[in-house]
Amino acid sequence: MDIQIKAGLRKELSAFLRSKRFLIAALVFIAISILTPLLMWGLGLLMEVTSSAYDQLGMDSTGMVEEISPLFLTASSGVGMQISYLSTYGLLLYLLLMNSYAGGEQKRRSIIIPQISGLSSRAYILPKFIIYPPAVFIMSLIGVLIASLVSTFIFEYNDLTFTAVLASGVVLGVFLMFFACLHLALGTATGKAGMSSAICIVASMLLPSALSIIDATPAYNPFTLSVTATSTLYGAEKASEVIIGIIIALAIMVAAFFIALFVRNAKKIDNSGNEVLI
């Protein structure tokens, strides 16, 4: 491995860990994974108490119980809501924490001296793509596994299977990786990390819902993998389509890296002078 890339990996890893951004992200992901199933469980208990109150008043609540049971009284409901929270609030937090690494250092001019000393664009960008997207993938996958474990213990009806939980965790992790890569590419290419994170956050929040409304959420759409992750948990997606979606998302991530690299290299081209070289 190139010595510059090795140094870049050490630098990015050290910055991520010593700045406590990794710790903050990990704690938030774990907290969401534990508290969300508990919240759903509590709502289920509240619904049961409400149903009992209706029964005592002589009102038939059988239909209401049958309707809310799959939503609040099953283990999959806890994990499903956790996936929804991680794909919104977890991703939002992570993208904001990445600002300093997704081109934020360019605004502070701290990248100028390394570039003058011979730092290549590849050695500047590649370590970021190696560290930050896989980190959020691992955290999201572990988060889904934690949520499934908590849900298994607290819910009376355990309808989870390990295969479905693992598959949904992988799909969610790829979704978060996808937007992390887009943020890195846009931020490092433009040097405007704040603008990049704002664009990615708005896109991650609006596109899945908008595409769901118009019924344009196939499993192979990278922008709706959060929806796919939830439906995968319930076994509502074909494995072949999910795999295609993951492959497309990974291909776009690789393309994002090369686009960012091309833009950074283009910015370093010196067009000064009047001499025409043939």
# chains A, B, ... in the order shown; residues from 1 in each chain; ligands from 1
call {"tool": "residues_around", "arguments": {"residues": "Leu17 of chain A", "least_positions_apart": "6", "cutoff": "12 Å", "atoms": "only C-alpha atoms", "output": "list in words"}}
result
Arg10, Lys11, Leu23, Ile24, Ala25, Ala26, Leu97, Ile131, Tyr132 and Ala135 of chain A
call {"tool": "residues_around", "arguments": {"residues": "Thr228 of chain A", "least_positions_apart": "3", "cutoff": "9 Å", "atoms": "only C-alpha atoms", "output": "number ranges by chain"}}
result
A: 168, 171-172, 217-221, 224-225, 231-233, 236-237, 242
call {"tool": "residues_around", "arguments": {"residues": "segment 201-213 of chain A", "least_positions_apart": "3", "cutoff": "8 Å", "atoms": "only C-alpha atoms", "output": "PyMOL selection string"}}
result
chain A and resi 87-88+91-92+95+179+197-198+216-217+223-224+226-227
call {"tool": "write_last_selection", "arguments": {"atoms": "N, CA and C atoms", "output": "PDB file, in the first residue's frame"}}
result
ATOM      1  N   SER A  87     -32.375   5.230  10.017  1.00  0.00           N
ATOM      2  CA  SER A  87     -32.262   5.736   8.647  1.00  0.00           C
ATOM      3  C   SER A  87     -32.559   7.227   8.555  1.00  0.00           C
ATOM      4  N   THR A  88     -33.117   7.806   9.613  1.00  0.00           N
ATOM      5  CA  THR A  88     -33.392   9.242   9.609  1.00  0.00           C
ATOM      6  C   THR A  88     -32.482   9.958  10.609  1.00  0.00           C
ATOM      7  N   LEU A  91     -28.712   8.646  10.630  1.00  0.00           N
ATOM      8  CA  LEU A  91     -27.984   9.123   9.454  1.00  0.00           C
ATOM      9  C   LEU A  91     -27.743  10.627   9.540  1.00  0.00           C
ATOM     10  N   LEU A  92     -28.734  11.370   9.984  1.00  0.00           N
ATOM     11  CA  LEU A  92     -28.575  12.821  10.133  1.00  0.00           C
ATOM     12  C   LEU A  92     -27.391  13.145  11.041  1.00  0.00           C
ATOM     13  N   LEU A  95     -23.943  12.162   9.362  1.00  0.00           N
ATOM     14  CA  LEU A  95     -23.520  13.077   8.299  1.00  0.00           C
ATOM     15  C   LEU A  95     -23.002  14.381   8.877  1.00  0.00           C
ATOM     16  N   PHE A 179     -25.263   7.138   1.514  1.00  0.00           N
ATOM     17  CA  PHE A 179     -25.318   8.584   1.736  1.00  0.00           C
ATOM     18  C   PHE A 179     -24.021   9.113   2.344  1.00  0.00           C
ATOM     19  N   SER A 197     -23.680  18.092   3.428  1.00  0.00           N
ATOM     20  CA  SER A 197     -24.489  17.366   4.415  1.00  0.00           C
ATOM     21  C   SER A 197     -25.954  17.766   4.332  1.00  0.00           C
ATOM     22  N   ALA A 198     -26.222  19.043   4.063  1.00  0.00           N
ATOM     23  CA  ALA A 198     -27.609  19.502   3.953  1.00  0.00           C
ATOM     24  C   ALA A 198     -28.310  18.828   2.783  1.00  0.00           C
ATOM     25  N   ALA A 216     -42.886   4.244  -6.432  1.00  0.00           N
ATOM     26  CA  ALA A 216     -41.676   4.022  -7.241  1.00  0.00           C
ATOM     27  C   ALA A 216     -40.527   3.613  -6.331  1.00  0.00           C
ATOM     28  N   THR A 217     -40.760   2.563  -5.540  1.00  0.00           N
ATOM     29  CA  THR A 217     -39.736   2.128  -4.587  1.00  0.00           C
ATOM     30  C   THR A 217     -39.344   0.679  -4.814  1.00  0.00           C
ATOM     31  N   PHE A 223     -31.830   4.883  -3.335  1.00  0.00           N
ATOM     32  CA  PHE A 223     -32.363   5.958  -2.508  1.00  0.00           C
ATOM     33  C   PHE A 223     -33.513   5.499  -1.617  1.00  0.00           C
ATOM     34  N   THR A 224     -34.021   4.310  -1.835  1.00  0.00           N
ATOM     35  CA  THR A 224     -35.129   3.801  -1.016  1.00  0.00           C
ATOM     36  C   THR A 224     -34.756   2.508  -0.292  1.00  0.00           C
ATOM     37  N   SER A 226     -33.790   2.237   2.632  1.00  0.00           N
ATOM     38  CA  SER A 226     -34.317   2.253   3.996  1.00  0.00           C
ATOM     39  C   SER A 226     -35.692   1.604   4.044  1.00  0.00           C
ATOM     40  N   VAL A 227     -36.505   1.877   3.018  1.00  0.00           N
ATOM     41  CA  VAL A 227     -37.820   1.234   2.907  1.00  0.00           C
ATOM     42  C   VAL A 227     -37.646  -0.255   2.654  1.00  0.00           C
TER      43      VAL A 227
END
call {"tool": "closest_residue", "arguments": {"among": "A:Val144, A:Leu250, A:Ala256, A:Ala75", "to": "Leu38 of chain A", "atoms": "only C-alpha atoms"}}
result
A:Ala75
call {"tool": "atom_distance", "arguments": {"atom1": "atom CA of Ile30 of chain A", "atom2": "atom CA of Leu182 of chain A"}}
result
24.1 Å
call {"tool": "residues_around", "arguments": {"residues": "Thr190 of chain A", "least_positions_apart": "5", "cutoff": "9 Å", "atoms": "only C-alpha atoms", "output": "list in words"}}
result
Gly103, Ala185, Ser196, Ala260, Val263 and Arg264 of chain A
call {"tool": "select_by_dssp", "arguments": {"residues": "segment 111-271 of chain A", "states": "helix (DSSP H, G or I)", "output": "mmCIF file with C-alpha atoms, in the first residue's frame"}}
result
data_model
loop_
_atom_site.group_PDB
_atom_site.id
_atom_site.type_symbol
_atom_site.label_atom_id
_atom_site.label_comp_id
_atom_site.auth_asym_id
_atom_site.auth_seq_id
_atom_site.Cartn_x
_atom_site.Cartn_y
_atom_site.Cartn_z
ATOM 1 C CA ILE A 112 -2.981 23.276 1.748
ATOM 2 C CA ILE A 113 0.377 22.479 3.395
ATOM 3 C CA PRO A 114 0.068 18.677 2.890
ATOM 4 C CA GLN A 115 -0.789 19.269 -0.770
ATOM 5 C CA ILE A 116 2.203 21.544 -1.212
ATOM 6 C CA SER A 121 -5.727 13.695 -4.307
ATOM 7 C CA ARG A 122 -6.021 9.910 -4.173
ATOM 8 C CA ALA A 123 -4.199 9.717 -0.838
ATOM 9 C CA TYR A 124 -6.424 12.520 0.473
ATOM 10 C CA ILE A 125 -9.786 11.024 -0.578
ATOM 11 C CA LEU A 126 -9.350 7.223 -0.514
ATOM 12 C CA PRO A 127 -8.735 6.880 3.278
ATOM 13 C CA LYS A 128 -11.998 8.725 3.931
ATOM 14 C CA PHE A 129 -13.960 6.235 1.830
ATOM 15 C CA ILE A 130 -12.191 3.350 3.572
ATOM 16 C CA ILE A 131 -12.912 4.588 7.116
ATOM 17 C CA TYR A 132 -16.258 6.373 7.348
ATOM 18 C CA PRO A 133 -18.741 4.409 5.167
ATOM 19 C CA PRO A 134 -17.714 0.975 6.561
ATOM 20 C CA ALA A 135 -17.873 2.415 10.099
ATOM 21 C CA VAL A 136 -21.514 3.451 9.717
ATOM 22 C CA PHE A 137 -22.312 0.099 8.068
ATOM 23 C CA ILE A 138 -20.937 -1.801 11.064
ATOM 24 C CA MET A 139 -22.715 0.452 13.565
ATOM 25 C CA SER A 140 -26.064 0.118 11.787
ATOM 26 C CA LEU A 141 -25.767 -3.664 11.468
ATOM 27 C CA ILE A 142 -24.857 -4.032 15.156
ATOM 28 C CA GLY A 143 -27.700 -1.655 16.009
ATOM 29 C CA VAL A 144 -30.264 -3.818 14.212
ATOM 30 C CA LEU A 145 -28.948 -6.929 15.979
ATOM 31 C CA ILE A 146 -29.192 -5.161 19.353
ATOM 32 C CA ALA A 147 -32.746 -4.029 18.587
ATOM 33 C CA SER A 148 -33.733 -7.569 17.634
ATOM 34 C CA LEU A 149 -32.245 -8.928 20.850
ATOM 35 C CA VAL A 150 -34.099 -6.373 22.975
ATOM 36 C CA SER A 151 -37.334 -6.960 21.059
ATOM 37 C CA THR A 152 -37.069 -10.717 21.504
ATOM 38 C CA PHE A 153 -36.945 -10.318 25.285
ATOM 39 C CA ILE A 154 -39.614 -7.675 25.815
ATOM 40 C CA PHE A 162 -32.171 -14.319 12.339
ATOM 41 C CA THR A 163 -31.927 -14.415 8.534
ATOM 42 C CA ALA A 164 -34.474 -11.620 8.097
ATOM 43 C CA VAL A 165 -32.872 -9.505 10.839
ATOM 44 C CA LEU A 166 -29.395 -9.933 9.379
ATOM 45 C CA ALA A 167 -30.588 -9.165 5.847
ATOM 46 C CA SER A 168 -32.444 -6.034 6.947
ATOM 47 C CA GLY A 169 -29.375 -4.894 8.913
ATOM 48 C CA VAL A 170 -27.177 -5.310 5.843
ATOM 49 C CA VAL A 171 -29.613 -3.382 3.634
ATOM 50 C CA LEU A 172 -29.862 -0.580 6.205
ATOM 51 C CA GLY A 173 -26.069 -0.474 6.493
ATOM 52 C CA VAL A 174 -25.701 -0.143 2.719
ATOM 53 C CA PHE A 175 -28.279 2.682 2.742
ATOM 54 C CA LEU A 176 -26.305 4.633 5.341
ATOM 55 C CA MET A 177 -23.027 3.855 3.539
ATOM 56 C CA PHE A 178 -24.551 5.150 0.314
ATOM 57 C CA PHE A 179 -25.318 8.584 1.736
ATOM 58 C CA ALA A 180 -22.009 8.706 3.612
ATOM 59 C CA CYS A 181 -20.195 8.185 0.291
ATOM 60 C CA LEU A 182 -22.309 10.829 -1.432
ATOM 61 C CA HIS A 183 -21.484 13.245 1.383
ATOM 62 C CA LEU A 184 -17.766 12.501 1.134
ATOM 63 C CA ALA A 185 -17.758 12.870 -2.637
ATOM 64 C CA LEU A 186 -19.697 16.123 -2.740
ATOM 65 C CA GLY A 187 -17.916 17.584 0.279
ATOM 66 C CA THR A 188 -14.355 16.808 -0.802
ATOM 67 C CA ALA A 189 -15.054 17.858 -4.390
ATOM 68 C CA THR A 190 -16.526 21.251 -3.491
ATOM 69 C CA ALA A 193 -19.131 20.202 3.814
ATOM 70 C CA GLY A 194 -22.135 22.042 5.247
ATOM 71 C CA MET A 195 -23.839 22.279 1.883
ATOM 72 C CA SER A 196 -23.010 18.642 1.147
ATOM 73 C CA SER A 197 -24.489 17.366 4.415
ATOM 74 C CA ALA A 198 -27.609 19.502 3.953
ATOM 75 C CA ILE A 199 -28.201 18.088 0.469
ATOM 76 C CA CYS A 200 -27.675 14.503 1.609
ATOM 77 C CA ILE A 201 -29.869 14.907 4.695
ATOM 78 C CA VAL A 202 -32.754 16.430 2.721
ATOM 79 C CA ALA A 203 -32.422 13.754 0.038
ATOM 80 C CA SER A 204 -32.359 10.903 2.575
ATOM 81 C CA MET A 205 -35.470 12.233 4.316
ATOM 82 C CA LEU A 206 -37.590 13.268 1.346
ATOM 83 C CA LEU A 207 -36.764 10.823 -1.447
ATOM 84 C CA PRO A 208 -37.830 7.561 0.278
ATOM 85 C CA SER A 209 -41.183 9.062 1.291
ATOM 86 C CA ALA A 210 -41.721 10.806 -2.058
ATOM 87 C CA LEU A 211 -40.912 7.689 -4.057
ATOM 88 C CA SER A 212 -43.163 5.625 -1.784
ATOM 89 C CA ILE A 213 -46.075 7.982 -2.418
ATOM 90 C CA PRO A 222 -30.451 2.907 -3.743
ATOM 91 C CA PHE A 223 -32.363 5.958 -2.508
ATOM 92 C CA THR A 224 -35.129 3.801 -1.016
ATOM 93 C CA LEU A 225 -33.036 1.091 0.606
ATOM 94 C CA SER A 226 -34.317 2.253 3.996
ATOM 95 C CA VAL A 227 -37.820 1.234 2.907
ATOM 96 C CA THR A 228 -36.392 -1.992 1.505
ATOM 97 C CA ALA A 229 -34.682 -2.730 4.827
ATOM 98 C CA THR A 230 -38.012 -2.599 6.665
ATOM 99 C CA SER A 231 -39.840 -4.706 4.096
ATOM 100 C CA THR A 232 -36.950 -7.195 4.095
ATOM 101 C CA LEU A 233 -37.458 -7.614 7.839
ATOM 102 C CA ALA A 239 -33.710 -11.737 -2.364
ATOM 103 C CA SER A 240 -32.623 -11.296 -5.982
ATOM 104 C CA GLU A 241 -34.015 -7.749 -6.143
ATOM 105 C CA VAL A 242 -32.419 -6.797 -2.832
ATOM 106 C CA ILE A 243 -29.042 -8.082 -4.032
ATOM 107 C CA ILE A 244 -29.394 -6.061 -7.245
ATOM 108 C CA GLY A 245 -30.176 -2.963 -5.174
ATOM 109 C CA ILE A 246 -27.088 -3.478 -3.032
ATOM 110 C CA ILE A 247 -24.887 -3.975 -6.118
ATOM 111 C CA ILE A 248 -26.245 -0.798 -7.736
ATOM 112 C CA ALA A 249 -25.659 1.165 -4.526
ATOM 113 C CA LEU A 250 -22.076 -0.129 -4.244
ATOM 114 C CA ALA A 251 -21.430 0.750 -7.894
ATOM 115 C CA ILE A 252 -22.638 4.317 -7.298
ATOM 116 C CA MET A 253 -20.389 4.560 -4.226
ATOM 117 C CA VAL A 254 -17.362 3.576 -6.305
ATOM 118 C CA ALA A 255 -18.405 6.049 -9.005
ATOM 119 C CA ALA A 256 -18.757 8.779 -6.374
ATOM 120 C CA PHE A 257 -15.166 8.176 -5.272
ATOM 121 C CA PHE A 258 -13.823 8.478 -8.816
ATOM 122 C CA ILE A 259 -15.892 11.596 -9.491
ATOM 123 C CA ALA A 260 -14.532 13.234 -6.345
ATOM 124 C CA LEU A 261 -11.014 12.191 -7.329
ATOM 125 C CA PHE A 262 -11.460 13.604 -10.847
ATOM 126 C CA VAL A 263 -12.732 16.942 -9.521
ATOM 127 C CA ARG A 264 -9.874 17.239 -7.024
ATOM 128 C CA ASN A 265 -7.317 16.470 -9.722
ATOM 129 C CA ALA A 266 -8.952 18.972 -12.083
ATOM 130 C CA LYS A 267 -8.689 21.682 -9.454
#
call {"tool": "atom_distance", "arguments": {"atom1": "atom CA of Lys238 of chain A", "atom2": "atom CA of Thr161 of chain A"}}
result
16.0 Å
call {"tool": "atom_distance", "arguments": {"atom1": "atom CA of Ala7 of chain A", "atom2": "atom CA of Val28 of chain A"}}
result
29.1 Å
call {"tool": "closest_residue", "arguments": {"among": "A:Glu156, A:Leu96, A:Ile32, A:Tyr101", "to": "Glu12 of chain A", "atoms": "only C-alpha atoms"}}
result
A:Tyr101
